[in-house]
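Chemist: Input structure: data_34.pdb, which contains PDB, C-alpha atoms.
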```
ATOM      1  CA  MET A  27     135.102  50.283-117.666
ATOM      2  CA  ALA A  28     137.454  48.040-115.699
ATOM      3  CA  ASP A  29     136.050  45.583-113.192
ATOM      4  CA  PRO A  30     136.482  47.158-109.693
ATOM      5  CA  GLU A  31     137.486  43.764-108.297
ATOM      6  CA  MET A  32     140.267  43.465-110.882
ATOM      7  CA  VAL A  33     141.434  47.010-110.098
ATOM      8  CA  LYS A  34     141.629  46.122-106.381
ATOM      9  CA  ALA A  35     143.331  42.780-107.103
ATOM     10  CA  LEU A  36     145.978  44.544-109.227
ATOM     11  CA  ASP A  37     146.587  47.156-106.530
ATOM     12  CA  ASP A  38     147.093  44.377-103.945
ATOM     13  CA  LEU A  39     149.420  42.487-106.296
ATOM     14  CA  VAL A  40     151.489  45.618-106.948
ATOM     15  CA  VAL A  41     152.141  46.050-103.222
ATOM     16  CA  ARG A  42     153.496  42.489-103.157
ATOM     17  CA  ALA A  43     155.450  42.992-106.387
ATOM     18  CA  VAL A  44     157.104  46.177-105.094
ATOM     19  CA  ALA A  45     158.205  44.119-102.070
ATOM     20  CA  GLY A  46     159.912  41.669-104.471
ATOM     21  CA  ASP A  47     157.262  38.941-104.897
ATOM     22  CA  GLU A  48     157.949  37.528-108.410
ATOM     23  CA  GLU A  49     154.740  35.476-108.450
ATOM     24  CA  ALA A  50     152.793  38.722-107.968
ATOM     25  CA  VAL A  51     154.565  40.164-111.033
ATOM     26  CA  THR A  52     153.545  37.110-113.089
ATOM     27  CA  GLN A  53     149.925  37.466-111.977
ATOM     28  CA  ILE A  54     149.939  41.168-112.846
ATOM     29  CA  VAL A  55     151.053  40.364-116.403
ATOM     30  CA  ARG A  56     148.386  37.635-116.716
ATOM     31  CA  LEU A  57     145.673  40.132-115.748
ATOM     32  CA  VAL A  58     146.972  43.152-117.656
ATOM     33  CA  HIS A  59     148.037  41.585-120.971
ATOM     34  CA  PRO A  60     144.556  40.612-122.272
ATOM     35  CA  LEU A  61     143.218  44.057-121.334
ATOM     36  CA  MET A  62     146.048  45.730-123.215
ATOM     37  CA  VAL A  63     145.603  43.537-126.302
ATOM     38  CA  ARG A  64     141.928  44.571-126.491
ATOM     39  CA  HIS A  65     142.780  48.209-125.786
ATOM     40  CA  CYS A  66     145.479  48.307-128.488
ATOM     41  CA  ALA A  67     143.274  46.462-130.994
ATOM     42  CA  SER A  68     140.611  49.152-130.564
ATOM     43  CA  ARG A  69     143.171  51.944-131.059
ATOM     44  CA  LEU A  70     145.243  50.512-133.927
ATOM     45  CA  ARG A  71     142.638  50.114-136.655
ATOM     46  CA  ASN A  72     143.899  52.535-139.303
ATOM     47  CA  ARG A  73     145.595  51.411-142.497
ATOM     48  CA  ASP A  74     148.753  53.210-141.303
ATOM     49  CA  ASP A  75     148.856  50.995-138.195
ATOM     50  CA  LEU A  76     148.982  47.711-140.138
ATOM     51  CA  HIS A  77     152.732  47.200-139.712
ATOM     52  CA  VAL A  78     152.336  46.724-135.950
ATOM     53  CA  THR A  79     150.052  44.269-134.173
ATOM     54  CA  ALA A  80     148.017  44.970-131.080
ATOM     55  CA  ASP A  81     149.797  42.063-129.397
ATOM     56  CA  ASP A  82     153.218  43.611-130.123
ATOM     57  CA  VAL A  83     152.255  46.914-128.529
ATOM     58  CA  ALA A  84     150.515  45.149-125.625
ATOM     59  CA  GLN A  85     153.719  43.249-124.969
ATOM     60  CA  GLU A  86     155.709  46.496-124.944
ATOM     61  CA  ILE A  87     153.201  47.968-122.485
ATOM     62  CA  CYS A  88     153.475  44.962-120.166
ATOM     63  CA  MET A  89     157.274  45.074-120.270
ATOM     64  CA  ALA A  90     157.278  48.796-119.456
ATOM     65  CA  ALA A  91     154.753  48.268-116.633
ATOM     66  CA  VAL A  92     156.824  45.449-115.105
ATOM     67  CA  ALA A  93     159.992  47.565-115.379
ATOM     68  CA  ALA A  94     158.189  50.419-113.569
ATOM     69  CA  ILE A  95     156.906  48.297-110.653
ATOM     70  CA  PRO A  96     159.972  48.726-108.375
ATOM     71  CA  ARG A  97     159.579  52.521-108.438
ATOM     72  CA  TYR A  98     155.771  52.607-108.596
ATOM     73  CA  GLN A  99     154.100  54.786-105.962
ATOM     74  CA  ASP A 100     150.374  55.003-105.279
ATOM     75  CA  ARG A 101     149.455  58.630-105.986
ATOM     76  CA  GLY A 102     145.723  58.350-105.607
ATOM     77  CA  ARG A 103     144.993  56.420-108.775
ATOM     78  CA  SER A 104     144.977  52.714-109.444
ATOM     79  CA  PHE A 105     147.878  50.741-110.919
ATOM     80  CA  LEU A 106     145.603  49.940-113.880
ATOM     81  CA  ALA A 107     145.205  53.670-114.589
ATOM     82  CA  PHE A 108     149.006  53.918-114.476
ATOM     83  CA  VAL A 109     149.234  51.072-117.041
ATOM     84  CA  TYR A 110     146.720  52.816-119.319
ATOM     85  CA  GLY A 111     148.988  55.892-119.165
ATOM     86  CA  ILE A 112     151.896  53.739-120.357
ATOM     87  CA  ALA A 113     149.616  52.326-123.071
ATOM     88  CA  ALA A 114     148.807  55.808-124.386
ATOM     89  CA  ASN A 115     152.531  56.520-124.787
ATOM     90  CA  LYS A 116     153.332  53.156-126.407
ATOM     91  CA  ILE A 117     150.450  53.467-128.890
ATOM     92  CA  ALA A 118     151.609  56.994-129.772
ATOM     93  CA  ASP A 119     155.163  55.641-130.256
ATOM     94  CA  ALA A 120     153.871  52.883-132.553
ATOM     95  CA  ARG A 121     151.977  55.417-134.668
ATOM     96  CA  ARG A 122     155.017  57.685-134.826
ATOM     97  CA  ARG A 123     157.177  54.776-136.007
ATOM     98  CA  SER A 124     154.595  53.962-138.673
ATOM     99  CA  ARG A 125     154.844  57.513-140.024
ATOM    100  CA  ILE A 126     158.658  57.424-140.046
ATOM    101  CA  HIS A 127     158.811  53.897-141.553
ATOM    102  CA  PRO A 128     155.531  53.536-143.454
ATOM    103  CA  LEU A 129     154.296  50.181-144.622
ATOM    104  CA  CYS A 130     154.472  49.762-148.399
ATOM    105  CA  ILE A 131     151.459  47.795-149.585
ATOM    106  CA  VAL A 132     151.638  46.294-153.061
ATOM    107  CA  ASP A 133     148.767  44.913-155.087
ATOM    108  CA  ASP A 134     150.521  41.687-156.033
ATOM    109  CA  VAL A 135     153.223  39.744-154.268
ATOM    110  CA  PRO A 136     155.972  38.864-156.770
ATOM    111  CA  GLU A 137     156.144  35.161-157.591
ATOM    112  CA  ARG A 138     159.915  35.048-157.316
ATOM    113  CA  GLU A 139     162.698  37.087-155.792
ATOM    114  CA  SER A 140     164.040  39.883-157.982
ATOM    115  CA  VAL A 141     167.465  39.294-159.480
ATOM    116  CA  GLU A 142     167.941  43.019-160.070
ATOM    117  CA  PRO A 143     170.502  44.699-157.810
ATOM    118  CA  GLY A 144     169.026  46.349-154.733
ATOM    119  CA  PRO A 145     169.843  49.818-153.340
ATOM    120  CA  GLU A 146     172.807  48.543-151.305
ATOM    121  CA  GLU A 147     174.349  46.745-154.283
ATOM    122  CA  LEU A 148     173.859  49.812-156.490
ATOM    123  CA  ALA A 149     175.505  52.058-153.882
ATOM    124  CA  LEU A 150     178.459  49.664-153.511
ATOM    125  CA  HIS A 151     178.840  49.410-157.284
ATOM    126  CA  SER A 152     178.854  53.202-157.563
ATOM    127  CA  GLU A 153     181.481  53.536-154.807
ATOM    128  CA  ARG A 154     183.589  50.782-156.383
ATOM    129  CA  SER A 155     183.409  52.467-159.809
ATOM    130  CA  LEU A 156     184.479  55.825-158.363
ATOM    131  CA  ALA A 157     187.329  54.214-156.399
ATOM    132  CA  THR A 158     188.495  52.309-159.488
ATOM    133  CA  GLY A 159     188.379  55.487-161.591
ATOM    134  CA  GLU A 160     190.482  57.343-159.004
ATOM    135  CA  LEU A 161     192.916  54.434-158.816
ATOM    136  CA  MET A 162     193.373  54.355-162.609
ATOM    137  CA  LYS A 163     194.512  58.017-162.548
ATOM    138  CA  VAL A 164     197.898  56.917-161.141
ATOM    139  CA  LEU A 165     198.679  55.186-164.458
ATOM    140  CA  ALA A 166     200.178  56.789-167.521
ATOM    141  CA  PRO A 167     197.522  57.301-170.235
ATOM    142  CA  ASN A 168     199.007  54.610-172.550
ATOM    143  CA  HIS A 169     199.076  52.042-169.682
ATOM    144  CA  ARG A 170     195.493  52.921-168.795
ATOM    145  CA  GLU A 171     194.493  52.432-172.441
ATOM    146  CA  VAL A 172     196.181  49.001-172.591
ATOM    147  CA  LEU A 173     194.384  47.840-169.418
ATOM    148  CA  MET A 174     191.046  49.029-170.760
ATOM    149  CA  MET A 175     191.508  47.119-174.006
ATOM    150  CA  ARG A 176     192.905  43.948-172.429
ATOM    151  CA  ILE A 177     190.752  43.661-169.272
ATOM    152  CA  VAL A 178     187.575  45.647-169.862
ATOM    153  CA  LEU A 179     187.119  44.971-173.587
ATOM    154  CA  GLY A 180     188.743  41.521-173.469
ATOM    155  CA  TRP A 181     190.999  42.084-176.480
ATOM    156  CA  SER A 182     193.978  39.853-177.137
ATOM    157  CA  ALA A 183     197.539  41.212-176.921
ATOM    158  CA  ALA A 184     197.735  41.161-180.739
ATOM    159  CA  GLU A 185     194.454  43.094-181.164
ATOM    160  CA  THR A 186     195.575  45.671-178.589
ATOM    161  CA  ALA A 187     198.992  45.990-180.252
ATOM    162  CA  GLU A 188     197.380  46.606-183.625
ATOM    163  CA  ALA A 189     195.064  49.257-182.136
ATOM    164  CA  ILE A 190     197.892  51.243-180.512
ATOM    165  CA  GLY A 191     200.547  50.571-183.166
ATOM    166  CA  THR A 192     203.051  48.407-181.306
ATOM    167  CA  SER A 193     203.902  44.725-180.793
ATOM    168  CA  ALA A 194     202.070  42.135-178.668
ATOM    169  CA  GLY A 195     205.195  41.755-176.512
ATOM    170  CA  VAL A 196     205.225  45.472-175.686
ATOM    171  CA  VAL A 197     201.511  45.297-174.824
ATOM    172  CA  ARG A 198     202.182  42.441-172.368
ATOM    173  CA  VAL A 199     205.017  44.393-170.723
ATOM    174  CA  MET A 200     202.841  47.532-170.452
ATOM    175  CA  GLN A 201     200.012  45.503-168.950
ATOM    176  CA  HIS A 202     202.385  43.875-166.450
ATOM    177  CA  ARG A 203     203.847  47.243-165.373
ATOM    178  CA  ALA A 204     200.391  48.839-165.089
ATOM    179  CA  LEU A 205     199.098  46.007-162.893
ATOM    180  CA  ASN A 206     202.194  46.172-160.671
ATOM    181  CA  ARG A 207     201.695  49.937-160.294
ATOM    182  CA  LEU A 208     198.060  49.400-159.287
ATOM    183  CA  ARG A 209     199.039  46.685-156.758
ATOM    184  CA  ALA A 210     201.574  49.033-155.177
ATOM    185  CA  GLU A 211     198.991  51.815-154.973
ATOM    186  CA  LEU A 212     196.428  49.474-153.383
ATOM    187  CA  GLY A 213     199.060  48.457-150.824
ATOM    188  CA  ARG A 214     199.320  52.092-149.752
ATOM    189  CA  LYS A 215     195.523  52.619-149.601
ATOM    190  CA  PRO A 216     193.829  49.732-147.715
ATOM    191  CA  VAL A 217     190.393  51.423-147.787
ATOM    192  CA  VAL A 218     190.503  51.696-151.581
ATOM    193  CA  ARG A 219     191.782  48.090-151.799
ATOM    194  CA  GLU A 220     188.770  46.862-149.799
ATOM    195  CA  LEU A 221     186.381  48.734-152.081
ATOM    196  CA  VAL A 222     187.954  47.743-155.402
ATOM    197  CA  CYS A 223     188.646  44.118-154.485
ATOM    198  CA  ALA A 224     185.309  43.443-152.750
TER     199      ALA A 224
END
```
Turn this file's structure into structure tokens for me.

Modeler:
Amino acid sequence: MADPEMVKALDDLVVRAVAGDEEAVTQIVRLVHPLMVRHCASRLRNRDDLHVTADDVAQEICMAAVAAIPRYQDRGRSFLAFVYGIAANKIADARRRSRIHPLCIVDDVPERESVEPGPEELALHSERSLATGELMKVLAPNHREVLMMRIVLGWSAAETAEAIGTSAGVVRVMQHRALNRLRAELGRKPVVRELVCA
């Protein structure tokens, strides 16, 4: 139960704050904030509420209360009761956020940062692979084969020539033409260029 003297003091301060007294607003926050921290601490005790602190929610409540002061009207209940109404909504919002974005608790904290690619890197790699595959379709099959052997497999011009039954010079010319064709295609498709060259 709130102290009746505090309730009266807050109501008097609100009258001054509505009239534009900034010092009254500061005093309101000084009185309300500790009450809201205790109130939120008593409401946010579940394991699901661990990702938000009582102080965080109390701060949100105070900010909302201060923002509401200019349009606050006494409708037969105290300003503190009005603040507790805001608190109920902010606590409900915090719980809703915790259900949408739950906290993942792990037994052990890893000793070092993972070097494995994360979800974003995997998604980008997948997009880049698809874009590269689409881009390679503009090449003739024999040019595509030469690029695969020379660039992906790392074969020499002589090894590639032996595999496809031609000379190393012809392989170099085919590679040159294939790369020029890809450059021209990338020039026409800037979105694909950004993906492939990223």

Chemist: Give me, please, the distance in Å between atom CA of A:Ser124 and atom CA of A:Ala94, quoted to one decimal.

Modeler: 25.6 Å

Chemist: Could you tell me which residues the PyMOL selection byres ((chain A and resi 190) around 12) grabs in this file, written as a list of chain:residue names?

Modeler: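 On the file shown, the PyMOL selection byres ((chain A and resi 190) around 12) covers A:Pro167, A:Asn168, A:His169, A:Glu171, A:Val172, A:Met175, A:Arg176, A:Ala183, A:Ala184, A:Glu185, A:Thr186, A:Ala187, A:Glu188, A:Ala189, A:Gly191, A:Thr192, A:Ser193, A:Ala194, A:Val196, A:Val197, A:Met200.
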
Chemist: Find, counting only C-alpha atoms, the residue in A:Val109, A:Leu57, A:Asp119, A:Val63 that gets nearest to A:Glu31.

Modeler: A:Leu57

Chemist: Here's the selection I'm unsure about, the PyMOL selection byres ((chain A and resi 58-61) around 10); applied to the file above, which residues does it give, as a ChimeraX atom specification?

Modeler: /A:28,32,36,53-57,62-67,81,84-89,91,106,109-110

Chemist: Sort by chain and increasing residue number a table of all residues of stretch 55-169 of chain A within 9 Å of stretch 207-214 of chain A, each with its closest pair of atoms and their distance in Å to one decimal, counting only C-alpha atoms, and write it as JSON lines.

Modeler:
```
{"residue": "A:Leu161", "atom": "CA", "partner": "A:Leu208", "partner_atom": "CA", "distance": 7.2}
{"residue": "A:Met162", "atom": "CA", "partner": "A:Leu208", "partner_atom": "CA", "distance": 7.6}
{"residue": "A:Val164", "atom": "CA", "partner": "A:Leu208", "partner_atom": "CA", "distance": 7.7}
{"residue": "A:Leu165", "atom": "CA", "partner": "A:Arg207", "partner_atom": "CA", "distance": 7.3}
```

Chemist: May I ask which of the residues A:Ala204, A:Ile126, A:Val199, A:Val92 is the closest one to A:Val40, counting only C-alpha atoms?

Modeler: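 The closest residue to A:Val40 is A:Val92.
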
Chemist: Under the rule that all atoms listed in the file are counted, which of A:Ala93, A:Ala118, A:Leu179, A:Ala166 is the nearest residue to A:Leu205?

Modeler: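 Closest to A:Leu205 of all the choices is A:Ala166.
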
Chemist: Please identify all polymer residues within 8 Å of A:Val44, counting only C-alpha atoms, omitting same-chain residues fewer than 4 positions from it, and present them as a list in words.

Modeler: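 Neighbouring residues, sequence-local ones excluded: Val40, Ile95, Pro96, Arg97 and Tyr98 of chain A.
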
Chemist: Can we get stretch 52-188 of chain A of that structure written down with C-alpha atoms, as a PDB file, in the first residue's frame?

Modeler:
```pdb
ATOM      1  CA  THR A  52      12.331  15.520 -11.903  1.00  0.00           C
ATOM      2  CA  GLN A  53      10.871  15.076  -8.418  1.00  0.00           C
ATOM      3  CA  ILE A  54       8.099  12.855  -9.777  1.00  0.00           C
ATOM      4  CA  VAL A  55      10.683  10.543 -11.364  1.00  0.00           C
ATOM      5  CA  ARG A  56      12.725  10.458  -8.128  1.00  0.00           C
ATOM      6  CA  LEU A  57       9.645   9.342  -6.176  1.00  0.00           C
ATOM      7  CA  VAL A  58       8.178   6.956  -8.745  1.00  0.00           C
ATOM      8  CA  HIS A  59      11.294   5.139  -9.997  1.00  0.00           C
ATOM      9  CA  PRO A  60      12.156   3.228  -6.778  1.00  0.00           C
ATOM     10  CA  LEU A  61       8.510   2.180  -6.397  1.00  0.00           C
ATOM     11  CA  MET A  62       8.453   0.885  -9.955  1.00  0.00           C
ATOM     12  CA  VAL A  63      11.741  -1.006  -9.567  1.00  0.00           C
ATOM     13  CA  ARG A  64      10.309  -2.847  -6.538  1.00  0.00           C
ATOM     14  CA  HIS A  65       6.984  -3.418  -8.291  1.00  0.00           C
ATOM     15  CA  CYS A  66       8.653  -4.822 -11.428  1.00  0.00           C
ATOM     16  CA  ALA A  67      11.061  -6.965  -9.390  1.00  0.00           C
ATOM     17  CA  SER A  68       8.080  -8.597  -7.667  1.00  0.00           C
ATOM     18  CA  ARG A  69       6.351  -9.259 -11.009  1.00  0.00           C
ATOM     19  CA  LEU A  70       9.310 -10.405 -13.129  1.00  0.00           C
ATOM     20  CA  ARG A  71      10.509 -13.456 -11.222  1.00  0.00           C
ATOM     21  CA  ASN A  72       9.904 -16.243 -13.738  1.00  0.00           C
ATOM     22  CA  ARG A  73      12.688 -17.918 -15.682  1.00  0.00           C
ATOM     23  CA  ASP A  74      11.111 -16.542 -18.883  1.00  0.00           C
ATOM     24  CA  ASP A  75      11.552 -12.979 -17.585  1.00  0.00           C
ATOM     25  CA  LEU A  76      15.332 -13.264 -17.125  1.00  0.00           C
ATOM     26  CA  HIS A  77      16.213 -11.408 -20.332  1.00  0.00           C
ATOM     27  CA  VAL A  78      14.758  -8.160 -18.963  1.00  0.00           C
ATOM     28  CA  THR A  79      15.632  -6.451 -15.690  1.00  0.00           C
ATOM     29  CA  ALA A  80      13.202  -4.808 -13.326  1.00  0.00           C
ATOM     30  CA  ASP A  81      15.208  -1.599 -13.686  1.00  0.00           C
ATOM     31  CA  ASP A  82      14.809  -1.661 -17.488  1.00  0.00           C
ATOM     32  CA  VAL A  83      11.036  -1.966 -17.260  1.00  0.00           C
ATOM     33  CA  ALA A  84      10.871   0.608 -14.447  1.00  0.00           C
ATOM     34  CA  GLN A  85      12.745   3.031 -16.667  1.00  0.00           C
ATOM     35  CA  GLU A  86      10.277   2.432 -19.504  1.00  0.00           C
ATOM     36  CA  ILE A  87       7.404   3.064 -17.086  1.00  0.00           C
ATOM     37  CA  CYS A  88       8.934   6.335 -15.881  1.00  0.00           C
ATOM     38  CA  MET A  89       9.539   7.508 -19.446  1.00  0.00           C
ATOM     39  CA  ALA A  90       5.943   6.704 -20.418  1.00  0.00           C
ATOM     40  CA  ALA A  91       4.617   8.444 -17.282  1.00  0.00           C
ATOM     41  CA  VAL A  92       6.671  11.586 -17.973  1.00  0.00           C
ATOM     42  CA  ALA A  93       5.523  11.593 -21.615  1.00  0.00           C
ATOM     43  CA  ALA A  94       1.889  11.361 -20.424  1.00  0.00           C
ATOM     44  CA  ILE A  95       2.105  14.248 -17.920  1.00  0.00           C
ATOM     45  CA  PRO A  96       1.174  17.063 -20.365  1.00  0.00           C
ATOM     46  CA  ARG A  97      -2.133  15.350 -21.193  1.00  0.00           C
ATOM     47  CA  TYR A  98      -2.785  13.871 -17.739  1.00  0.00           C
ATOM     48  CA  GLN A  99      -6.208  14.657 -16.274  1.00  0.00           C
ATOM     49  CA  ASP A 100      -7.360  13.868 -12.746  1.00  0.00           C
ATOM     50  CA  ARG A 101     -10.306  11.493 -13.182  1.00  0.00           C
ATOM     51  CA  GLY A 102     -10.886  10.644  -9.564  1.00  0.00           C
ATOM     52  CA  ARG A 103      -7.836   8.480  -9.012  1.00  0.00           C
ATOM     53  CA  SER A 104      -4.326   9.396  -8.001  1.00  0.00           C
ATOM     54  CA  PHE A 105      -1.423   9.935 -10.403  1.00  0.00           C
ATOM     55  CA  LEU A 106       0.291   6.962  -8.727  1.00  0.00           C
ATOM     56  CA  ALA A 107      -2.654   4.724  -9.677  1.00  0.00           C
ATOM     57  CA  PHE A 108      -2.268   6.028 -13.238  1.00  0.00           C
ATOM     58  CA  VAL A 109       1.448   5.073 -13.149  1.00  0.00           C
ATOM     59  CA  TYR A 110       0.602   1.574 -11.886  1.00  0.00           C
ATOM     60  CA  GLY A 111      -1.733   1.248 -14.899  1.00  0.00           C
ATOM     61  CA  ILE A 112       1.191   2.103 -17.187  1.00  0.00           C
ATOM     62  CA  ALA A 113       3.313  -0.417 -15.261  1.00  0.00           C
ATOM     63  CA  ALA A 114       0.802  -3.211 -15.893  1.00  0.00           C
ATOM     64  CA  ASN A 115       1.019  -2.556 -19.642  1.00  0.00           C
ATOM     65  CA  LYS A 116       4.829  -2.304 -19.707  1.00  0.00           C
ATOM     66  CA  ILE A 117       5.252  -5.527 -17.707  1.00  0.00           C
ATOM     67  CA  ALA A 118       2.833  -7.295 -20.071  1.00  0.00           C
ATOM     68  CA  ASP A 119       4.841  -5.939 -23.043  1.00  0.00           C
ATOM     69  CA  ALA A 120       8.092  -7.225 -21.518  1.00  0.00           C
ATOM     70  CA  ARG A 121       6.594 -10.689 -21.035  1.00  0.00           C
ATOM     71  CA  ARG A 122       5.236 -10.689 -24.580  1.00  0.00           C
ATOM     72  CA  ARG A 123       8.678  -9.780 -25.941  1.00  0.00           C
ATOM     73  CA  SER A 124      10.210 -12.603 -23.912  1.00  0.00           C
ATOM     74  CA  ARG A 125       7.838 -15.091 -25.549  1.00  0.00           C
ATOM     75  CA  ILE A 126       8.580 -13.762 -29.048  1.00  0.00           C
ATOM     76  CA  HIS A 127      12.364 -13.571 -28.438  1.00  0.00           C
ATOM     77  CA  PRO A 128      13.021 -16.167 -25.730  1.00  0.00           C
ATOM     78  CA  LEU A 129      16.257 -16.235 -23.815  1.00  0.00           C
ATOM     79  CA  CYS A 130      18.452 -19.212 -24.707  1.00  0.00           C
ATOM     80  CA  ILE A 131      20.197 -20.464 -21.586  1.00  0.00           C
ATOM     81  CA  VAL A 132      23.181 -22.749 -22.076  1.00  0.00           C
ATOM     82  CA  ASP A 133      24.845 -24.900 -19.458  1.00  0.00           C
ATOM     83  CA  ASP A 134      28.377 -23.804 -20.292  1.00  0.00           C
ATOM     84  CA  VAL A 135      29.673 -20.596 -21.784  1.00  0.00           C
ATOM     85  CA  PRO A 136      32.098 -21.420 -24.617  1.00  0.00           C
ATOM     86  CA  GLU A 137      35.710 -20.570 -23.815  1.00  0.00           C
ATOM     87  CA  ARG A 138      36.324 -18.994 -27.199  1.00  0.00           C
ATOM     88  CA  GLU A 139      34.317 -17.563 -30.054  1.00  0.00           C
ATOM     89  CA  SER A 140      33.184 -20.084 -32.656  1.00  0.00           C
ATOM     90  CA  VAL A 141      34.995 -19.941 -35.976  1.00  0.00           C
ATOM     91  CA  GLU A 142      32.149 -21.775 -37.705  1.00  0.00           C
ATOM     92  CA  PRO A 143      30.061 -19.651 -40.076  1.00  0.00           C
ATOM     93  CA  GLY A 144      26.917 -18.211 -38.525  1.00  0.00           C
ATOM     94  CA  PRO A 145      23.403 -18.141 -40.038  1.00  0.00           C
ATOM     95  CA  GLU A 146      24.038 -14.882 -41.917  1.00  0.00           C
ATOM     96  CA  GLU A 147      27.274 -16.157 -43.460  1.00  0.00           C
ATOM     97  CA  LEU A 148      25.602 -19.431 -44.460  1.00  0.00           C
ATOM     98  CA  ALA A 149      22.704 -17.554 -46.083  1.00  0.00           C
ATOM     99  CA  LEU A 150      25.097 -15.261 -47.983  1.00  0.00           C
ATOM    100  CA  HIS A 151      27.183 -18.230 -49.114  1.00  0.00           C
ATOM    101  CA  SER A 152      24.051 -19.987 -50.366  1.00  0.00           C
ATOM    102  CA  GLU A 153      22.898 -16.878 -52.267  1.00  0.00           C
ATOM    103  CA  ARG A 154      26.385 -16.383 -53.719  1.00  0.00           C
ATOM    104  CA  SER A 155      26.539 -20.030 -54.854  1.00  0.00           C
ATOM    105  CA  LEU A 156      23.138 -19.785 -56.553  1.00  0.00           C
ATOM    106  CA  ALA A 157      24.078 -16.491 -58.238  1.00  0.00           C
ATOM    107  CA  THR A 158      27.395 -17.946 -59.427  1.00  0.00           C
ATOM    108  CA  GLY A 159      25.641 -21.048 -60.782  1.00  0.00           C
ATOM    109  CA  GLU A 160      23.167 -18.874 -62.711  1.00  0.00           C
ATOM    110  CA  LEU A 161      26.001 -16.709 -64.014  1.00  0.00           C
ATOM    111  CA  MET A 162      27.960 -19.738 -65.274  1.00  0.00           C
ATOM    112  CA  LYS A 163      24.970 -20.768 -67.446  1.00  0.00           C
ATOM    113  CA  VAL A 164      25.827 -17.966 -69.911  1.00  0.00           C
ATOM    114  CA  LEU A 165      29.038 -19.818 -70.850  1.00  0.00           C
ATOM    115  CA  ALA A 166      29.377 -22.545 -73.427  1.00  0.00           C
ATOM    116  CA  PRO A 167      29.775 -25.968 -71.751  1.00  0.00           C
ATOM    117  CA  ASN A 168      33.455 -26.340 -72.814  1.00  0.00           C
ATOM    118  CA  HIS A 169      34.310 -22.851 -71.430  1.00  0.00           C
ATOM    119  CA  ARG A 170      32.513 -23.683 -68.192  1.00  0.00           C
ATOM    120  CA  GLU A 171      34.504 -26.925 -67.947  1.00  0.00           C
ATOM    121  CA  VAL A 172      37.823 -25.093 -68.475  1.00  0.00           C
ATOM    122  CA  LEU A 173      36.999 -22.551 -65.736  1.00  0.00           C
ATOM    123  CA  MET A 174      36.042 -25.316 -63.327  1.00  0.00           C
ATOM    124  CA  MET A 175      39.318 -27.144 -63.900  1.00  0.00           C
ATOM    125  CA  ARG A 176      41.536 -24.051 -63.848  1.00  0.00           C
ATOM    126  CA  ILE A 177      39.906 -21.997 -61.055  1.00  0.00           C
ATOM    127  CA  VAL A 178      37.931 -24.389 -58.871  1.00  0.00           C
ATOM    128  CA  LEU A 179      40.215 -27.435 -59.088  1.00  0.00           C
ATOM    129  CA  GLY A 180      43.410 -25.391 -59.490  1.00  0.00           C
ATOM    130  CA  TRP A 181      44.750 -27.396 -62.432  1.00  0.00           C
ATOM    131  CA  SER A 182      47.498 -26.033 -64.640  1.00  0.00           C
ATOM    132  CA  ALA A 183      46.835 -25.171 -68.299  1.00  0.00           C
ATOM    133  CA  ALA A 184      48.736 -28.323 -69.333  1.00  0.00           C
ATOM    134  CA  GLU A 185      46.710 -30.589 -66.999  1.00  0.00           C
ATOM    135  CA  THR A 186      43.452 -29.054 -68.247  1.00  0.00           C
ATOM    136  CA  ALA A 187      44.558 -29.418 -71.879  1.00  0.00           C
ATOM    137  CA  GLU A 188      45.362 -33.083 -71.349  1.00  0.00           C
TER     138      GLU A 188
END
```
